[in-house]
Structures are given as C-alpha cells and as structure tokens.
Amino acid sequence: MDAVSSILLRPAAVFDGAQRHDGWAVLVDGERIAAAGPNLAAPDGARTIELPGATLLPGLIDLHTHLLLHPYEERAWVDQVLRDPESLRVARAVVAAKRTLEAGFTTVRDLGTEGAGEADVGLRRAIEEGVIPGPRLVCVTRAIVARGTYGPMDFHSGCCVPQGAEEVDGPESILRVTRMQIARGADWIKVYADYRFGPANDARPTFSADELALIVRVASDAGVPVAAHATTDVGMRRAALAGVATIEHGNAGTREVFDLMAERGVVYVPTLAAYEALERIRNQSKDHPLVVAKRDAFAAARASGVTIANGSDIGVFPHGENARELELLVEHGLSPIEALCAATSTAARVLRCDDLGVIRAEARADLVVVEGDPTTDISAINATRLVIRAGERTRDC
C-alpha cells in the first residue's frame, strides 16, 4: 500500500452516496476526506491527480461475504468444511481479501466462517494491523444454527464431524453461544431462521419465534445487531418480528412479509449473484420454479418499499467479482443510482457507520475511482482505476 497525506482528486464526476455531481473534486487528508465540492484548490504540498473520464465513488460495501469459502465449482462446500485444513482456508482468504479490495470494496460484512472457527477475527486483525491488504471486515464468527438442521449431515450417529456453523438446542445454549460469539469477537450475530432439513430436505423454520427473539435480545444487550438467513415466508416473518436488522436471501418472500419488514425497519439483502451462480451449477433454466420465485420475491420487495442493501454471498462465486450483485440489482429493476446507494450509503447505515459510504468532509477516506459513469451504466463499476482505503492507495492502474 502507498500511504498518502494530502491529495486532490479531480474526476469527471463524483457520486457522493446519494447523487452524481459534475465538476466536483475531493481533497483527502490522511485517513479522512477534508473537503468535497466544486472549485476546490489543492493546498500547499498536496498532490493533484487528474482523472478525466472517470467517476469517483465512496468505497463500496458488500454486506454478505464468505472470505473463507471459495467457489463450489472448484471444491464442494462439504469438502471445504470437512477436509480442508483451516490453515489452507485462511491462506485462500488472504488472497480473497486482496481481490475484494482491488475490486473497489473497502468494507465487507463476512457472514460466517463455515467451519473455520473464529478465523475471520484473525483476518480482521491482520488487515487492521497492516499485515495483509483487505477491506474493513465486519465479523460474525461461526453463525448460529438449530442442532441437527445444518451440515455436514448424513453421518453415522457415532461420528462427530465439524459443523459449518455453531449448534444450539434451547434457551440455555442460545444464551451461552450468543454471548460466547460476542466475547470471541463477533461484530454481528448471524442466525439461520430456516434451512433445508427433515424427511423431505426442504426449507422450513429452524427456530421458534421465542428462540429468535431471545437471540436478538441477548445480542442487543451487547449492542450487537442480528442478521437472519431466511428463505421461507415463515422464517422471514419470525425473524422480522423477533427484531433482526437484516434478512438475507428472502427467496420465497411475499408482499405481505416484505411489508412487515418495511414497517419494522428490517433491511432486505437479496444475494442475487450467489443464486445466479447456483443456477449455473445446478443447470437451472430461467423458468425453473426456484428461479422464478426468487425473481418474484425481489419484485414484491420492490413494490413494498422495503430497504434493499447490497450483499452478494460471494464465496459461492469468485472473490473479486462482488460487483456482479450491483449489475443484477439493476437487471431486477433498480436504477443504477439506487444500486450504487445500496452498496454505499444504505449499506453504511446498516452497519451503523455514518462516516462510511458517503463523500463529504470528515468522512473516512474510503474511495474508488472507475472508468466511465456507473450512475448511467452500472457495468462501469467493474472498470476500477484507483482504490483508497483509510487514506492509503491500494490499487492504481
């Protein structure tokens, strides 16, 4: 990384987390933005970088990543969890973190190590201490699942195998595990409100409404928000009523449940890119019932007015391709500016960080420059020219 003290960036346009501005410049001083607006002059000793034809944006945010997984087409999830040593998975995650940052994503919420313990907490520290390059990392550690509902499964009852998340089976273990994950470094708690289990192996609720409410209450006492994996209407409803902050996936969400989420301030993170990848892996056509249901759920969410935030569930597909989620948000009906907001100011509000996801004086100097104008053509978000995180240039090409 190349540390900078004071630089003036002069792009063709600036997207500030809400709207596009022509003729703006942005002055970076150390780890913060000193000023942003028209007619800015470089102070004595500052370096000016001219960026014709480019757009400057806040550093992008991905609210659903798995740095400790890599694409299932390369290696099945069960093999990564059961057979790959944690040291190998951490080594892969170091590369994944670098690719994520170079793609312009300066903050990610990593929603579960999937069998790698608290390795995400170690990665976070390595990034914070400058040992490795990577985005700001918001951790959940292991995630929480109801006993017997997650994987790996189908082993002899005498076998004890590693699990992809941490199991609980009642109020006492819910209290213990939630508090222990926070003590071990979780910034958020993630709970699987539903999952595929039972004789039919279909998605169904895994926690009662009271159990979900207990998880939220224990986490909230520590100032820690909760994210819920929920794909069924019932799981989504229970999670929303329990008070979770975000619901991930929402594949079978109805207009009624999205209305409930909007009413209660629960944010929807649709993870469209992961399901596109799974459709490819499973050879599902665009008219497959599950694909149609996912598309219909997003349309229902749009109609409800629920807040939609960017989260890709990357790890299912290659790290560094996080921006695919923004392209799909636009394909599914958001405007390019709405998609950019979902990955900047909206995502920052989800993380309760009012100095991220925006370009204004005193905000953190997390910035990305792309060739072209993503406010009119979202695909331009892939043409990364310059990335700055905390005032340090991490990519300049």
# chains A, B, ... in the order shown; residues from 1 in each chain; ligands from 1

$ residues_around --residues "stretch 165-170 of chain A" --least-positions-apart "4" --cutoff "7 Å" --atoms "only C-alpha atoms" --output "PyMOL selection string"
chain A and resi 114-115+142-147+174

$ residues_around --residues "A:Ala203" --least-positions-apart "4" --cutoff "12 Å" --atoms "only C-alpha atoms" --output "ChimeraX atom specification"
/A:149-150,192-199,229-236,250-252

$ write_last_selection --atoms "N, CA and C atoms" --output "mmCIF file, in the first residue's frame"
data_model
loop_
_atom_site.group_PDB
_atom_site.id
_atom_site.type_symbol
_atom_site.label_atom_id
_atom_site.label_comp_id
_atom_site.auth_asym_id
_atom_site.auth_seq_id
_atom_site.Cartn_x
_atom_site.Cartn_y
_atom_site.Cartn_z
ATOM 1 N N THR A 149 -29.876 -29.300 12.028
ATOM 2 C CA THR A 149 -30.509 -28.731 10.837
ATOM 3 C C THR A 149 -29.522 -28.237 9.791
ATOM 4 N N TYR A 150 -28.226 -28.219 10.101
ATOM 5 C CA TYR A 150 -27.242 -27.689 9.159
ATOM 6 C C TYR A 150 -26.336 -28.836 8.727
ATOM 7 N N TYR A 192 -29.550 -18.750 11.469
ATOM 8 C CA TYR A 192 -30.295 -19.387 10.391
ATOM 9 C C TYR A 192 -31.734 -19.585 10.863
ATOM 10 N N ALA A 193 -32.622 -18.696 10.443
ATOM 11 C CA ALA A 193 -34.020 -18.773 10.857
ATOM 12 C C ALA A 193 -34.754 -19.921 10.185
ATOM 13 N N ASP A 194 -34.233 -20.396 9.076
ATOM 14 C CA ASP A 194 -34.763 -21.595 8.425
ATOM 15 C C ASP A 194 -33.634 -22.258 7.645
ATOM 16 N N TYR A 195 -33.868 -23.496 7.255
ATOM 17 C CA TYR A 195 -32.876 -24.205 6.445
ATOM 18 C C TYR A 195 -33.514 -25.496 5.936
ATOM 19 N N ARG A 196 -32.798 -26.166 5.045
ATOM 20 C CA ARG A 196 -33.283 -27.433 4.481
ATOM 21 C C ARG A 196 -32.982 -28.580 5.451
ATOM 22 N N PHE A 197 -34.030 -29.204 5.977
ATOM 23 C CA PHE A 197 -33.844 -30.363 6.845
ATOM 24 C C PHE A 197 -35.157 -31.124 6.930
ATOM 25 N N GLY A 198 -35.144 -32.262 7.630
ATOM 26 C CA GLY A 198 -36.337 -33.078 7.747
ATOM 27 C C GLY A 198 -36.415 -34.113 6.646
ATOM 28 N N PRO A 199 -37.423 -34.974 6.677
ATOM 29 C CA PRO A 199 -37.527 -36.075 5.711
ATOM 30 C C PRO A 199 -37.494 -35.634 4.260
ATOM 31 N N HIS A 229 -30.427 -15.475 8.133
ATOM 32 C CA HIS A 229 -30.649 -16.249 6.911
ATOM 33 C C HIS A 229 -32.099 -16.702 6.952
ATOM 34 N N ALA A 230 -32.861 -16.324 5.935
ATOM 35 C CA ALA A 230 -34.255 -16.758 5.869
ATOM 36 C C ALA A 230 -34.687 -16.793 4.415
ATOM 37 N N THR A 231 -35.153 -17.955 3.975
ATOM 38 C CA THR A 231 -35.612 -18.098 2.599
ATOM 39 C C THR A 231 -37.108 -18.346 2.514
ATOM 40 N N THR A 232 -37.730 -18.788 3.610
ATOM 41 C CA THR A 232 -39.159 -19.082 3.601
ATOM 42 C C THR A 232 -39.953 -17.906 4.147
ATOM 43 N N ASP A 233 -41.210 -17.849 3.772
ATOM 44 C CA ASP A 233 -42.074 -16.785 4.265
ATOM 45 C C ASP A 233 -42.194 -16.844 5.784
ATOM 46 N N VAL A 234 -42.342 -18.046 6.341
ATOM 47 C CA VAL A 234 -42.482 -18.185 7.793
ATOM 48 C C VAL A 234 -41.196 -17.783 8.504
ATOM 49 N N GLY A 235 -40.056 -18.251 7.993
ATOM 50 C CA GLY A 235 -38.783 -17.888 8.607
ATOM 51 C C GLY A 235 -38.539 -16.391 8.568
ATOM 52 N N MET A 236 -38.870 -15.756 7.454
ATOM 53 C CA MET A 236 -38.716 -14.311 7.328
ATOM 54 C C MET A 236 -39.621 -13.576 8.307
ATOM 55 N N GLY A 250 -34.280 -14.251 1.286
ATOM 56 C CA GLY A 250 -35.702 -13.970 1.106
ATOM 57 C C GLY A 250 -36.305 -14.565 -0.152
ATOM 58 N N ASN A 251 -35.886 -15.777 -0.517
ATOM 59 C CA ASN A 251 -36.246 -16.347 -1.819
ATOM 60 C C ASN A 251 -37.743 -16.516 -2.032
ATOM 61 N N ALA A 252 -38.478 -16.833 -0.959
ATOM 62 C CA ALA A 252 -39.914 -17.056 -1.083
ATOM 63 C C ALA A 252 -40.711 -15.948 -0.400
#

$ closest_atom_pairs --of "stretch 318-395 of chain A" --to "stretch 265-282 of chain A" --cutoff "9 Å" --atoms "only C-alpha atoms" --output "JSON lines"
{"residue": "A:Asn322", "atom": "CA", "partner": "A:Ala273", "partner_atom": "CA", "distance": 8.3}
{"residue": "A:Ala323", "atom": "CA", "partner": "A:Ala273", "partner_atom": "CA", "distance": 9.0}
{"residue": "A:Arg324", "atom": "CA", "partner": "A:Ala273", "partner_atom": "CA", "distance": 6.1}
{"residue": "A:Glu325", "atom": "CA", "partner": "A:Ala273", "partner_atom": "CA", "distance": 5.0}
{"residue": "A:Leu326", "atom": "CA", "partner": "A:Ala273", "partner_atom": "CA", "distance": 8.7}
{"residue": "A:Glu327", "atom": "CA", "partner": "A:Ala273", "partner_atom": "CA", "distance": 8.9}
{"residue": "A:Leu328", "atom": "CA", "partner": "A:Leu272", "partner_atom": "CA", "distance": 6.5}
{"residue": "A:Leu329", "atom": "CA", "partner": "A:Leu272", "partner_atom": "CA", "distance": 7.4}
{"residue": "A:Val350", "atom": "CA", "partner": "A:Val267", "partner_atom": "CA", "distance": 7.7}

$ closest_residue --among "A:Gly122, A:Gly185, A:Pro171, A:Gly17" --to "A:Ile215" --atoms "only C-alpha atoms"
A:Pro171

$ closest_residue --among "A:Arg385, A:Arg393, A:Arg99, A:Arg364" --to "A:Leu51" --atoms "only C-alpha atoms"
A:Arg385

$ residues_around --residues "A:Gly112" --least-positions-apart "5" --cutoff "10 Å" --atoms "only C-alpha atoms" --output "number ranges by chain"
A: 64-69, 117-120, 139-144, 164-166, 186, 189-191

$ closest_residue --among "A:Leu334, A:Ala303, A:Ala390, A:Leu27" --to "A:Glu128" --atoms "only C-alpha atoms"
A:Ala390

$ closest_residue --among "A:Asp373, A:Ala383, A:Gly104, A:Ala227" --to "A:Asp22" --atoms "only C-alpha atoms"
A:Asp373

$ residues_around --residues "A:Ala342" --least-positions-apart "4" --cutoff "8 Å" --atoms "only C-alpha atoms" --output "JSON, numbers by chain"
{"A": [308, 309, 310, 338, 346, 347]}

$ closest_residue --among "A:Ile247, A:Met153, A:Leu101, A:Leu351" --to "A:Thr394" --atoms "only C-alpha atoms"
A:Leu101

$ residues_around --residues "A:Pro133" --least-positions-apart "2" --cutoff "10 Å" --atoms "only C-alpha atoms" --output "number ranges by chain"
A: 1, 94-102, 123, 126-131, 135-136, 389, 394

$ closest_residue --among "A:Val306, A:Val316, A:Leu9, A:Ala91" --to "A:Ile132" --atoms "only C-alpha atoms"
A:Ala91

$ select_by_dssp --residues "stretch 116-299 of chain A" --states "helix (DSSP H, G or I)" --output "PyMOL selection string"
chain A and resi 119-128+171-183+209-221+233-242+255-264+272-281+289-299

$ atom_distance --atom1 "atom CA of A:Gly333" --atom2 "atom CA of A:Arg302"
8.0 Å

$ select_by_dssp --residues "stretch 130-347 of chain A" --states "strand (DSSP E)" --output "compact mmCIF listing (two decimals) with C-alpha atoms, in the first residue's frame"
# COMPACT_ATOMS: atom_id res chain seq x y z
CA ARG A 136 -12.67 -3.32 6.61
CA LEU A 137 -14.00 -6.59 7.95
CA VAL A 138 -17.20 -6.92 10.00
CA CYS A 139 -17.28 -10.41 11.56
CA ILE A 144 -25.85 -19.97 14.85
CA VAL A 145 -27.98 -22.94 13.74
CA ALA A 146 -30.51 -25.21 15.43
CA GLU A 166 -22.41 -23.40 15.76
CA GLU A 167 -25.31 -25.50 17.01
CA VAL A 168 -27.76 -24.61 19.77
CA ILE A 189 -24.68 -12.32 15.17
CA LYS A 190 -25.97 -14.39 12.27
CA VAL A 191 -28.77 -16.90 12.80
CA TYR A 192 -30.30 -19.39 10.39
CA ASP A 194 -34.76 -21.59 8.43
CA TYR A 195 -32.88 -24.21 6.45
CA ARG A 196 -33.28 -27.43 4.48
CA PHE A 197 -33.84 -30.36 6.84
CA ASP A 202 -36.95 -28.80 2.15
CA ALA A 203 -36.57 -25.34 3.64
CA ARG A 204 -38.54 -24.86 6.85
CA PRO A 205 -38.22 -22.82 10.07
CA VAL A 226 -28.52 -9.71 14.22
CA ALA A 227 -28.66 -10.88 10.61
CA ALA A 228 -31.01 -13.74 9.71
CA HIS A 229 -30.65 -16.25 6.91
CA ALA A 230 -34.25 -16.76 5.87
CA THR A 246 -31.31 -7.69 8.12
CA ILE A 247 -32.82 -10.67 6.36
CA GLU A 248 -30.61 -12.45 3.84
CA HIS A 249 -31.88 -14.15 0.66
CA VAL A 267 -33.39 -4.41 5.64
CA TYR A 268 -33.50 -6.90 2.76
CA VAL A 269 -30.21 -8.29 1.39

$ atom_distance --atom1 "atom CA of A:Ala380" --atom2 "atom CA of A:Asn39"
25.9 Å

$ decode --residues "stretch 337-378 of chain A" --atoms "N, CA and C atoms" --output "JSON list (two decimals), in the first residue's frame"
[["chain", "number", "residue", "atom", "x", "y", "z"],
["A", 337, "ILE", "N", -28.35, 4.35, -9.93],
["A", 337, "ILE", "CA", -28.10, 5.14, -8.71],
["A", 337, "ILE", "C", -28.65, 4.43, -7.48],
["A", 338, "GLU", "N", -29.82, 3.79, -7.60],
["A", 338, "GLU", "CA", -30.35, 3.03, -6.47],
["A", 338, "GLU", "C", -29.42, 1.88, -6.10],
["A", 339, "ALA", "N", -28.86, 1.21, -7.09],
["A", 339, "ALA", "CA", -27.94, 0.11, -6.82],
["A", 339, "ALA", "C", -26.67, 0.62, -6.15],
["A", 340, "LEU", "N", -26.16, 1.77, -6.62],
["A", 340, "LEU", "CA", -24.96, 2.34, -6.00],
["A", 340, "LEU", "C", -25.23, 2.76, -4.56],
["A", 341, "CYS", "N", -26.41, 3.32, -4.31],
["A", 341, "CYS", "CA", -26.77, 3.66, -2.93],
["A", 341, "CYS", "C", -26.81, 2.41, -2.06],
["A", 342, "ALA", "N", -27.35, 1.31, -2.62],
["A", 342, "ALA", "CA", -27.44, 0.06, -1.86],
["A", 342, "ALA", "C", -26.07, -0.43, -1.43],
["A", 343, "ALA", "N", -25.04, -0.09, -2.22],
["A", 343, "ALA", "CA", -23.68, -0.56, -1.92],
["A", 343, "ALA", "C", -22.82, 0.51, -1.25],
["A", 344, "THR", "N", -23.41, 1.66, -0.94],
["A", 344, "THR", "CA", -22.63, 2.73, -0.29],
["A", 344, "THR", "C", -23.39, 3.25, 0.93],
["A", 345, "SER", "N", -24.16, 4.31, 0.77],
["A", 345, "SER", "CA", -24.79, 4.96, 1.92],
["A", 345, "SER", "C", -25.78, 4.06, 2.64],
["A", 346, "THR", "N", -26.58, 3.29, 1.90],
["A", 346, "THR", "CA", -27.54, 2.41, 2.54],
["A", 346, "THR", "C", -26.83, 1.31, 3.34],
["A", 347, "ALA", "N", -25.83, 0.69, 2.71],
["A", 347, "ALA", "CA", -25.09, -0.36, 3.41],
["A", 347, "ALA", "C", -24.38, 0.18, 4.63],
["A", 348, "ALA", "N", -23.86, 1.40, 4.55],
["A", 348, "ALA", "CA", -23.20, 2.01, 5.71],
["A", 348, "ALA", "C", -24.18, 2.22, 6.86],
["A", 349, "ARG", "N", -25.41, 2.63, 6.53],
["A", 349, "ARG", "CA", -26.42, 2.78, 7.59],
["A", 349, "ARG", "C", -26.73, 1.45, 8.25],
["A", 350, "VAL", "N", -26.76, 0.38, 7.46],
["A", 350, "VAL", "CA", -26.98, -0.95, 8.03],
["A", 350, "VAL", "C", -25.89, -1.27, 9.05],
["A", 351, "LEU", "N", -24.66, -0.89, 8.73],
["A", 351, "LEU", "CA", -23.53, -1.15, 9.62],
["A", 351, "LEU", "C", -23.40, -0.12, 10.74],
["A", 352, "ARG", "N", -24.29, 0.88, 10.74],
["A", 352, "ARG", "CA", -24.29, 1.92, 11.76],
["A", 352, "ARG", "C", -22.99, 2.73, 11.73],
["A", 353, "CYS", "N", -22.51, 2.97, 10.52],
["A", 353, "CYS", "CA", -21.27, 3.74, 10.32],
["A", 353, "CYS", "C", -21.58, 4.94, 9.44],
["A", 354, "ASP", "N", -21.86, 6.09, 10.06],
["A", 354, "ASP", "CA", -22.29, 7.24, 9.27],
["A", 354, "ASP", "C", -21.15, 7.95, 8.56],
["A", 355, "ASP", "N", -19.91, 7.51, 8.81],
["A", 355, "ASP", "CA", -18.78, 8.12, 8.10],
["A", 355, "ASP", "C", -18.23, 7.20, 7.01],
["A", 356, "LEU", "N", -18.96, 6.16, 6.66],
["A", 356, "LEU", "CA", -18.65, 5.32, 5.52],
["A", 356, "LEU", "C", -19.76, 5.46, 4.48],
["A", 357, "GLY", "N", -19.46, 5.09, 3.23],
["A", 357, "GLY", "CA", -20.48, 5.07, 2.19],
["A", 357, "GLY", "C", -20.90, 6.42, 1.68],
["A", 358, "VAL", "N", -20.18, 7.47, 2.07],
["A", 358, "VAL", "CA", -20.51, 8.83, 1.64],
["A", 358, "VAL", "C", -19.23, 9.58, 1.31],
["A", 359, "ILE", "N", -19.37, 10.62, 0.51],
["A", 359, "ILE", "CA", -18.26, 11.53, 0.24],
["A", 359, "ILE", "C", -18.66, 12.90, 0.75],
["A", 360, "ARG", "N", -18.05, 13.29, 1.84],
["A", 360, "ARG", "CA", -18.27, 14.60, 2.47],
["A", 360, "ARG", "C", -17.12, 14.84, 3.43],
["A", 361, "ALA", "N", -16.97, 16.07, 3.86],
["A", 361, "ALA", "CA", -15.91, 16.40, 4.81],
["A", 361, "ALA", "C", -16.07, 15.58, 6.08],
["A", 362, "GLU", "N", -14.95, 15.07, 6.57],
["A", 362, "GLU", "CA", -14.85, 14.28, 7.80],
["A", 362, "GLU", "C", -15.24, 12.82, 7.63],
["A", 363, "ALA", "N", -15.73, 12.43, 6.47],
["A", 363, "ALA", "CA", -15.97, 11.00, 6.24],
["A", 363, "ALA", "C", -14.64, 10.29, 6.06],
["A", 364, "ARG", "N", -14.65, 8.99, 6.24],
["A", 364, "ARG", "CA", -13.42, 8.23, 6.06],
["A", 364, "ARG", "C", -13.01, 8.25, 4.60],
["A", 365, "ALA", "N", -11.73, 8.28, 4.38],
["A", 365, "ALA", "CA", -11.20, 8.32, 3.02],
["A", 365, "ALA", "C", -11.15, 6.91, 2.44],
["A", 366, "ASP", "N", -12.34, 6.33, 2.27],
["A", 366, "ASP", "CA", -12.52, 5.07, 1.55],
["A", 366, "ASP", "C", -13.16, 5.45, 0.22],
["A", 367, "LEU", "N", -12.41, 5.31, -0.87],
["A", 367, "LEU", "CA", -12.84, 5.82, -2.17],
["A", 367, "LEU", "C", -12.47, 4.85, -3.27],
["A", 368, "VAL", "N", -13.25, 4.88, -4.34],
["A", 368, "VAL", "CA", -12.94, 4.09, -5.53],
["A", 368, "VAL", "C", -13.19, 4.95, -6.76],
["A", 369, "VAL", "N", -12.29, 4.85, -7.72],
["A", 369, "VAL", "CA", -12.43, 5.55, -9.00],
["A", 369, "VAL", "C", -12.61, 4.50, -10.08],
["A", 370, "VAL", "N", -13.66, 4.68, -10.90],
["A", 370, "VAL", "CA", -13.90, 3.76, -12.00],
["A", 370, "VAL", "C", -13.93, 4.52, -13.31],
["A", 371, "GLU", "N", -13.59, 3.85, -14.37],
["A", 371, "GLU", "CA", -13.63, 4.44, -15.70],
["A", 371, "GLU", "C", -15.08, 4.49, -16.17],
["A", 372, "GLY", "N", -15.51, 5.64, -16.66],
["A", 372, "GLY", "CA", -16.88, 5.76, -17.15],
["A", 372, "GLY", "C", -17.82, 6.27, -16.07],
["A", 373, "ASP", "N", -19.11, 6.05, -16.30],
["A", 373, "ASP", "CA", -20.14, 6.60, -15.42],
["A", 373, "ASP", "C", -21.09, 5.50, -14.98],
["A", 374, "PRO", "N", -20.89, 4.90, -13.80],
["A", 374, "PRO", "CA", -21.77, 3.83, -13.33],
["A", 374, "PRO", "C", -23.16, 4.33, -12.94],
["A", 375, "THR", "N", -23.36, 5.65, -12.82],
["A", 375, "THR", "CA", -24.70, 6.15, -12.49],
["A", 375, "THR", "C", -25.64, 6.04, -13.69],
["A", 376, "THR", "N", -25.09, 5.82, -14.88],
["A", 376, "THR", "CA", -25.93, 5.59, -16.06],
["A", 376, "THR", "C", -25.70, 4.21, -16.66],
["A", 377, "ASP", "N", -24.51, 3.65, -16.48],
["A", 377, "ASP", "CA", -24.18, 2.30, -16.97],
["A", 377, "ASP", "C", -23.50, 1.56, -15.83],
["A", 378, "ILE", "N", -24.25, 0.71, -15.13],
["A", 378, "ILE", "CA", -23.73, 0.09, -13.92],
["A", 378, "ILE", "C", -22.53, -0.81, -14.20]]
